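Input: a single structure, listed below in structure tokens.
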Amino acid sequence: MLAISVMNGLVIGVIYALAALGVSLVVGIMNVVNFAHGELYILAGYFSYLFASALGMNFIAAMLIALALVFLLGIVIEVTLIRPTYGNDMYSLILTFILSIVLQNAYLLIFGPYPNKPPLWVKGAADVFGLFLYGNQRLAALIAGVAVIAVVFFIIKKTWFGRIIRATSQDREMAELNGVDTTRLNMLSFGLGCALAAAAGVILTPVFPVTPTAGVPVALTAFVVVVLGGMGSMWGCVVGGLLLGLVENLGAAFISTGYKNVFGFIILILVLLIRPSGLFGRAKV
Amino acid sequence: MKCKRRITAVAVALLLLCGSAWAQDTIKIGVVGPRTGPAAATGAAFEEGIKLATEYVNSKGGVMGKKLEIVFEDTAGAPDKAASGFERLVTRDKVVMVLGESHSSSALAEIEVANRMKIPFIVVEAWADEITSKNYRYVFRAGPSNSGVVSKTIAKWVVHEKFKRAFIVAENTDWGIGIGKLTENAIAKAGVPSESMITERNSQDHYVELTKIKAFKPDVVLAYIYGVGLHYFVAQAGETGVSSKAVTLDGAGPPSLWPDYWKNVGDYGDLECFVSSMHEKVELTDLAKHYREAYTKAFGKAPTDYKSRSIFDGILIAADAVSRAKATDADKLVDALEKTNLKTTRGMAKFSLEKGGAEYHQWEPPMLVIQWQNKQQVVLYPPEAATGKIKH
């Protein structure tokens, strides 16, 4: 029981971290909470289902097109909805909340109420060290999730673009004085944040089929991970995601399966009591 | 300019008058159910049943010489929305009766409104016993109840198939917790050892639950999980090796019949069992045959989700009561409903008047246990309706 709970906690934790990274990126740079984050995750799932199942495309091509489309949609959302609200965080919050409801209803209208998913990348289950059977698609999702997180870390930590992102998130005015076009950076960052939601969506949809409202718990978990890890902290997302995944699974295994979601919130409250800015968050001076 | 305004005002007034006159030509009945939310598929099934029932009733002359009109209010599966939606149907739409619902938690909120506003309410697909055991005068149920499904179908099937160890897994809702507990008691009485577990309704991941189930080594898993959660459960039961050792029963039914069931669960869906009140080879009345034909003609496919037929029956029962009452007064409608003796697709509908328990104002239609065998539905239980034997 312990082995499979830890394994499952790690897999689910990586996925939580991936979903939360996009939220964290947008919050860190733009101070915008995107309430439609979960719906963009779902949109990518629907796209990959549409391209791979309905149009018969190769699943990798379907995933990449889905990612690109959600990235572009993210840019459109930033330009049309978010940009006019700069200076008032509440407006962007309300707008993205409305957007999430509009998207949920649009999905219901277009794709119907039934769950949808693209074909599995790999079928069957693997015997893990003779201890338990584990779905091959989940293992593939784990590898893909770790790979995407590694790429994001590389971009943020090692590239010129990443340096600009970090500089702007630390001191926007100073970055502007040094010639950073923060308006364009906002646009690209928002698009990247949406693309990260999409990455989580395309990786997970073969495991967990999407429905019009399935994005709500995804966004909620992502927000919990971001707050747990510390607003805007990438390492916070990874550690927070893994912690949440492990706590939920170990709690379900050894305490009660009926309160799986409650354990995460208990940990969140405990962490916030001790460190109000989250595990890796910077305290405001 | 003034003259133009007057003409416009007169035109608007005439239109409003005509509107109210037209409104009087119909008898309005409200339907509550989830058109959005995790069980929006039930709303889609309800819409199909509403269309067929309305056409059927109106083709037979309507109700009290007027056309029947159905107003469908979305409850999203949330009790607060359900209660306010019910109230809107009564105050805004002036419906004479309300029926529907498929979430027990929502129905439990709605029966309080029905009782307070004194509006007859026929629940069709919310199973919690508390809905009728409160013995409210204005609340009826023309559909399965937890205790009825367990005592008349599931527990008997478990004994009939000679299962030796059962695991009960139930979602943490009024329906899930209630039916899980009843099953536990019923199969314990029958001498079948079992273990139970509550699972989170919105959980996508059931690996931990399935590992616990596997350790118990059951030969049957009774799963009370509704919606897409059932698809996750069946697929993951296959991945973790549970379904290769035990038969899984979907204790609700419709999710095993949704169009994307096979795509979502893959080969792991074969040999899964589910309860249902509908099967093409078990038509209890000629009305059931009419329903199947009308459905196929209207939607270009065979009916699968039995909840579309449940709402069809519910509307027929409501229309029949209004016709016999020859009035829209709530108390006269309740009196008429209590005297219901109507042929529906699932047999003769007749509400029990025995007070004190969940039987009050309850009509329990027969249910079947069906198994997927090579993607074909094989009826296993009751024996008199069986079309094949269980496969492991």
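By convention in this document, the chains of the structure tokens carry letters A, B, ... by their order, each chain's residues are numbered from 1, and ligands are numbered from 1 in the order they are shown.
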Only residues of chain B matter here; which ones have an atom within 6 Å of chain A, counting only C-alpha atoms? Give them as an mmCIF file with N, CA and C atoms, in the first residue's frame.
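The resulting file, iface.cif, is reproduced below:
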data_model
loop_
_atom_site.group_PDB
_atom_site.id
_atom_site.type_symbol
_atom_site.label_atom_id
_atom_site.label_comp_id
_atom_site.auth_asym_id
_atom_site.auth_seq_id
_atom_site.Cartn_x
_atom_site.Cartn_y
_atom_site.Cartn_z
ATOM 1 N N GLY B 37 -22.831 20.822 -15.404
ATOM 2 C CA GLY B 37 -22.191 20.141 -14.280
ATOM 3 C C GLY B 37 -21.774 18.731 -14.660
ATOM 4 N N ALA B 40 -24.265 16.405 -16.613
ATOM 5 C CA ALA B 40 -25.047 17.080 -17.657
ATOM 6 C C ALA B 40 -25.609 16.082 -18.673
ATOM 7 N N ALA B 41 -24.992 14.894 -18.746
ATOM 8 C CA ALA B 41 -25.486 13.869 -19.672
ATOM 9 C C ALA B 41 -26.914 13.475 -19.308
ATOM 10 N N ILE B 198 -15.798 4.609 1.320
ATOM 11 C CA ILE B 198 -16.378 5.829 0.742
ATOM 12 C C ILE B 198 -15.292 6.481 -0.101
ATOM 13 N N THR B 199 -15.668 6.951 -1.282
ATOM 14 C CA THR B 199 -14.696 7.636 -2.132
ATOM 15 C C THR B 199 -15.188 9.044 -2.467
ATOM 16 N N GLU B 200 -14.253 9.907 -2.748
ATOM 17 C CA GLU B 200 -14.574 11.303 -3.056
ATOM 18 C C GLU B 200 -15.296 11.374 -4.410
ATOM 19 N N VAL B 208 -5.599 4.260 -5.141
ATOM 20 C CA VAL B 208 -5.466 3.860 -3.736
ATOM 21 C C VAL B 208 -6.667 2.996 -3.323
ATOM 22 N N GLU B 239 -6.513 -1.480 -15.075
ATOM 23 C CA GLU B 239 -5.054 -1.243 -15.005
ATOM 24 C C GLU B 239 -4.434 -1.872 -13.759
ATOM 25 N N THR B 240 -5.150 -1.793 -12.639
ATOM 26 C CA THR B 240 -4.582 -2.299 -11.387
ATOM 27 C C THR B 240 -4.829 -3.796 -11.192
#
Point to revise | Selection near Trp372 (chain B), 7 Å with only C-alpha atoms, sequence-local residues under 6 positions removed, as number ranges by chain | key: B: 270-273, 378
May I have the selected residues written with N, CA and C atoms, as a JSON list (two decimals), in the first residue's frame?
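Okay, this is what ended up in again-v6.json:
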[["chain", "number", "residue", "atom", "x", "y", "z"],
["B", 270, "ASP", "N", -15.35, -4.51, -20.89],
["B", 270, "ASP", "CA", -16.05, -5.76, -21.14],
["B", 270, "ASP", "C", -16.22, -6.54, -19.83],
["B", 271, "LEU", "N", -17.31, -7.22, -19.72],
["B", 271, "LEU", "CA", -17.71, -8.03, -18.55],
["B", 271, "LEU", "C", -18.13, -7.17, -17.35],
["B", 272, "GLU", "N", -18.16, -5.85, -17.54],
["B", 272, "GLU", "CA", -18.69, -5.00, -16.47],
["B", 272, "GLU", "C", -20.21, -5.16, -16.42],
["B", 273, "CYS", "N", -20.76, -5.13, -15.23],
["B", 273, "CYS", "CA", -22.22, -5.24, -15.07],
["B", 273, "CYS", "C", -22.79, -3.88, -14.65],
["B", 378, "VAL", "N", -26.16, -8.25, -22.09],
["B", 378, "VAL", "CA", -26.80, -9.52, -21.73],
["B", 378, "VAL", "C", -27.48, -9.35, -20.38]]
Study note, to complete from the structure: Here CA of Lys307 (chain B) and CA of Ala107 (chain B) stand apart by 15.4 Å
Practice item. Would you mind listing what lies within 7 Å of Val96 (chain B) as a list of chain:residue names, with only C-alpha atoms counted and same-chain residues fewer than 6 positions away left out? Key: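 What passes the distance filter is B:Lys28, B:Ile29, B:Thr328.
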Exercise for review: From region 184-383 of chain B, collect each residue whose DSSP state is helix (DSSP H, G or I) and return the set as a PyMOL selection string.
Suggested key: chain B and resi 184-189+207-216+228-239+254-257+261-269+286-299+307-325+330-338+383
Point to revise | Atom-to-atom span, CA of Ser102 (chain B) and CA of Gly33 (chain B), Å | key: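 According to the coordinates, CA of Ser102 (chain B) and CA of Gly33 (chain B) are separated by 6.3 Å.
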Review point. DSSP says strand (DSSP E or B) for which residues of region 18-130 of chain A? Put them as a ChimeraX atom specification?
Key: /A:116,125-128
Put those residues in a file: C-alpha atoms, as a PDB file, in the first residue's frame.
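The result, written out as out.pdb:
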ATOM      1  CA  ASN A 116     -14.050  12.703 -24.269  1.00  0.00           C
ATOM      2  CA  ALA A 125      -0.171  -1.783 -17.243  1.00  0.00           C
ATOM      3  CA  ALA A 126       3.367  -2.470 -16.036  1.00  0.00           C
ATOM      4  CA  ASP A 127       4.413  -4.567 -13.067  1.00  0.00           C
ATOM      5  CA  VAL A 128       6.484  -2.146 -10.954  1.00  0.00           C
TER       6      VAL A 128
END
Exercise for review: Fewer than 4 positions away in the same chain doesn't count, so skip those; otherwise give me all residues within 10 Å of Asp74 (chain B), counting only C-alpha atoms, as an NGL selection string.
Suggested key: :B and (31-37 or 40 or 43 or 78 or 81-82 or 85-86 or 101)
Review point. What's the 10 Å shell around Leu192 (chain A), counting only C-alpha atoms, without same-chain residues fewer than 6 positions away, as a PyMOL selection string?
Key: chain A and resi 21-23+25-26+67-68+70-72+74-75+152+186+198
Check your understanding: To one decimal place, how far is CA of Pro254 (chain B) from CA of Val113 (chain B) in Å?
Key -> 27.7 Å
Point to revise | Contacts of region 133-141 of chain B within 9 Å, only C-alpha atoms, excl. fewer than 3 positions in-chain, as JSON, numbers by chain | key: {"B": [99, 111, 112, 114, 115, 118, 119, 120, 121, 122, 123, 124, 125, 126, 127, 129, 130, 144, 145, 314, 330, 331, 334, 337, 338, 351, 355, 356, 357, 358, 359, 360, 361, 362, 363, 364]}
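When only C-alpha atoms are used to compute distances to Ile42 (chain A), the closest of the residues A:Leu242, A:Leu10, A:Ile29, A:Ala195 turns out to be A:Ala195.
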Review point. Hey, which of B:Met367, B:Ala252, B:Ala39, B:Leu210 ends up closest to Gly238 (chain B)? Count only C-alpha atoms.
Key: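 Looking only at the distances to Gly238 (chain B), the closest residue turns out to be B:Leu210.
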Practice item. Do a neighbour search on Met234 (chain A) at 9 Å with only C-alpha atoms, toss out local chain neighbours closer than 5 positions, and write the hits as number ranges by chain. Key: A: 17, 20-21, 24-25, 153, 226, 229, 239, 280
What would the file look like if the residues just selected were written as a CSV table (one decimal), in the first residue's frame with C-alpha atoms?
chain,number,residue,atom,x,y,z
A,17,ALA,CA,3.0,20.9,-10.5
A,20,ALA,CA,0.3,25.1,-11.3
A,21,LEU,CA,3.4,26.3,-13.2
A,24,SER,CA,2.5,30.8,-11.1
A,25,LEU,CA,4.2,32.3,-14.1
A,153,PHE,CA,13.0,25.4,-15.8
A,226,VAL,CA,0.6,28.0,-6.1
A,229,GLY,CA,4.5,26.7,-2.8
A,239,VAL,CA,7.5,21.0,-4.2
A,280,PHE,CA,9.1,29.2,-1.2
